Amino acid sequence: MEANRYTMGVDVGSTTSKCLILKNGCEVLGSAVISAGTGTSGPGRAVAAALEKAGLQRGDVCCVTATGYGRNTFGGADYVISELSAHAIGANAAFPEARTVIDIGGQDAKVIRIGANGKMENFLMNDKCAAGTGRFLDVMARVLELDVNELAEKDAQAKTAVSISSTCTVFAESEVISQLANNVDICSLVAGIHASVAVRTASLAKRLGVMEPVVMTGGVAKNAGVVRALEKELGVKISVSADCQLNGAYGASVCGWNKVKE
Ligand code: ADP
């Protein structure tokens, strides 16, 4: 019987660090998400936490693949792959039928087309403007004195969505502050904020062309309010994996497995 082999994917993001360890390319043995991204202790802590959960030592891992915004600053990787590749591989492994992957992270949004062969065919990315990214939601949540993980619940209680007319994050923040000063209902404001992210993301997706099935990945996919608003805007059903924020680390780990298997 062949010995077990363990591959590690490390996604060094702009706001969070993620690590996921696979046994023989399929079983997730341990994973961790640390709320500190590139240039911090986050990547090291994510690796240590995932190893501990897996009950492994660093030396037990035969291949480490780094990805994410800060991938080139992560020392000790055997391979480095782009975030686009990592998300395409991860989404394809979790949802083999998926043809469009929408990833919204802390400071960018990507739409990736996957071919019938599971390979990335095309993509479009917004990494120039905070609107339509996790950063926009982080800023708005802070103004509303909420945690980002409370936004979906507030959205679900909204009777209506207050339209946010500014597309720039800074102006939209002022707009939300003035709505609050006018005693506008917070739930309706949250729904309006989600609709604003959905409009931005949908316009990126439509430029690329949306082919179903559609999968959403990245930390913002944890927000069911954004997912619902985007489904409405695109008129399609969107699948989200339970570990959507770990998708890049998962893709990197699968990529490492594909290399060691060769
Ligand atoms: P990056 O890889 O760029 O660091 P992530 O994919 O980890 O980004 O996504 C980070 C973003 O996800 C945050 O900016 C935040 O808005 C959002 N997020 C993280 N956790 C949650 C949660 N529990 N509920 C809603 N949104 C979340």
# chains A, B, ... in the order shown; residues from 1 in each chain; ligands from 1
>>> select_by_dssp(residues="range 27-167 of chain A", states="helix (DSSP H, G or I)", output="compact mmCIF listing (two decimals) with C-alpha atoms, in the first residue's frame")
# COMPACT_ATOMS: atom_id res chain seq x y z
CA GLY A 42 -1.30 35.81 9.19
CA PRO A 43 0.17 33.36 6.63
CA GLY A 44 2.44 31.71 9.23
CA ARG A 45 -0.41 31.46 11.72
CA ALA A 46 -2.76 29.98 9.11
CA VAL A 47 -0.15 27.31 8.27
CA ALA A 48 0.44 26.48 11.96
CA ALA A 49 -3.31 26.27 12.70
CA ALA A 50 -4.04 24.04 9.68
CA LEU A 51 -1.12 21.72 10.56
CA GLU A 52 -2.37 21.45 14.13
CA LYS A 53 -5.91 20.60 13.00
CA ALA A 54 -4.53 17.99 10.61
CA ARG A 58 5.47 20.80 8.37
CA GLY A 59 7.87 18.02 7.33
CA ASP A 60 4.96 15.63 6.67
CA ARG A 71 1.88 34.77 -2.87
CA ASN A 72 5.34 35.97 -3.87
CA THR A 73 6.15 37.07 -0.33
CA GLU A 83 -5.24 33.55 -7.77
CA LEU A 84 -7.14 33.08 -11.03
CA SER A 85 -5.69 29.59 -11.51
CA ALA A 86 -6.23 28.67 -7.86
CA HIS A 87 -9.88 29.75 -7.88
CA ALA A 88 -10.54 28.03 -11.22
CA ILE A 89 -8.96 24.76 -10.01
CA GLY A 90 -10.70 24.93 -6.61
CA ALA A 91 -14.14 25.70 -8.05
CA ASN A 92 -13.72 22.99 -10.69
CA ALA A 93 -12.77 20.41 -8.05
CA ALA A 94 -15.75 21.36 -5.84
CA GLY A 134 -15.09 43.13 0.32
CA ARG A 135 -13.45 46.43 1.23
CA PHE A 136 -16.64 48.30 0.30
CA LEU A 137 -18.66 46.02 2.59
CA ASP A 138 -16.08 46.32 5.40
CA VAL A 139 -16.26 50.13 5.23
CA MET A 140 -20.08 50.15 5.19
CA ALA A 141 -20.35 47.63 8.03
CA ARG A 142 -18.08 49.82 10.16
CA VAL A 143 -20.24 52.90 9.52
CA VAL A 148 -19.59 41.85 8.20
CA ASN A 149 -21.06 38.53 9.32
CA GLU A 150 -24.21 40.38 10.51
CA LEU A 151 -24.95 41.96 7.13
CA ALA A 152 -26.83 38.98 5.63
CA GLU A 153 -29.21 38.79 8.58
CA LYS A 154 -30.00 42.51 8.37
CA ASP A 155 -30.57 42.18 4.62
CA ALA A 156 -33.02 39.30 5.20
>>> residues_near_ligand(ligand="ligand 1", cutoff="9 Å", atoms="only C-alpha atoms and all ligand atoms", output="MDAnalysis selection string")
chainID A and resid 11:18 33:38 68:69 83 103:109 133:139 141 147:152 217:226 244:248
>>> residues_around(residues="Ala205 in chain A", least_positions_apart="4", cutoff="9 Å", atoms="only C-alpha atoms", output="NGL selection string")
:A and (100 or 102 or 110-112 or 124 or 200-201 or 209-210 or 234)
>>> select_by_dssp(residues="range 71-235 of chain A", states="strand (DSSP E or B)", output="compact mmCIF listing (two decimals) with C-alpha atoms, in the first residue's frame")
# COMPACT_ATOMS: atom_id res chain seq x y z
CA TYR A 79 5.02 26.21 -6.40
CA VAL A 80 3.42 29.62 -6.77
CA THR A 100 -18.51 30.68 -14.42
CA VAL A 101 -16.73 31.46 -11.16
CA ILE A 102 -17.34 34.80 -9.44
CA ASP A 103 -14.79 35.50 -6.72
CA ILE A 104 -15.08 38.56 -4.49
CA ALA A 109 -13.46 40.89 -7.80
CA LYS A 110 -12.87 38.34 -10.55
CA VAL A 111 -15.11 36.57 -13.01
CA ILE A 112 -13.59 33.43 -14.52
CA ARG A 113 -14.93 31.33 -17.40
CA ILE A 114 -14.14 27.62 -17.16
CA MET A 120 -9.76 28.49 -17.32
CA GLU A 121 -10.75 30.00 -20.70
CA ASN A 122 -11.11 33.67 -19.96
CA PHE A 123 -11.45 36.15 -17.10
CA LEU A 124 -12.18 39.75 -16.15
CA MET A 125 -11.02 41.41 -12.98
CA ASN A 126 -11.67 44.60 -11.01
CA VAL A 214 -22.37 29.77 -11.77
CA VAL A 215 -20.34 29.37 -8.57
CA MET A 216 -19.34 32.12 -6.16
CA THR A 217 -16.12 31.93 -4.10
>>> residues_around(residues="range 20-28 of chain A", least_positions_apart="5", cutoff="7 Å", atoms="only C-alpha atoms", output="PyMOL selection string")
chain A and resi 4-10+50+249-250+253-254+257
>>> write_last_selection(atoms="C-alpha atoms", output="CSV table (one decimal), in the first residue's frame")
chain,number,residue,atom,x,y,z
A,4,ASN,CA,-0.4,8.8,2.3
A,5,ARG,CA,0.7,12.1,0.8
A,6,TYR,CA,-0.2,15.5,2.1
A,7,THR,CA,-0.4,18.7,0.0
A,8,MET,CA,-0.8,22.2,1.4
A,9,GLY,CA,-2.3,25.3,-0.3
A,10,VAL,CA,-1.7,28.7,1.2
A,50,ALA,CA,-4.0,24.0,9.7
A,249,ALA,CA,-6.2,27.5,-0.8
A,250,TYR,CA,-8.1,24.4,-1.8
A,253,SER,CA,-3.6,22.3,-2.7
A,254,VAL,CA,-5.2,20.4,-5.5
A,257,TRP,CA,-1.4,17.2,-5.7
>>> residues_around(residues="Ala116 in chain A", least_positions_apart="6", cutoff="9 Å", atoms="only C-alpha atoms", output="list in words")
Pro96, Glu97, Ala98 and Arg99 of chain A
>>> closest_residue(among="A:Gln57, A:Ser31, A:Gln179, A:Ser203", to="Ser165 in chain A", atoms="only C-alpha atoms")
A:Gln179
>>> closest_residue(among="A:Ile164, A:Leu208, A:Phe171, A:Ala229", to="His194 in chain A", atoms="only C-alpha atoms")
A:Ala229
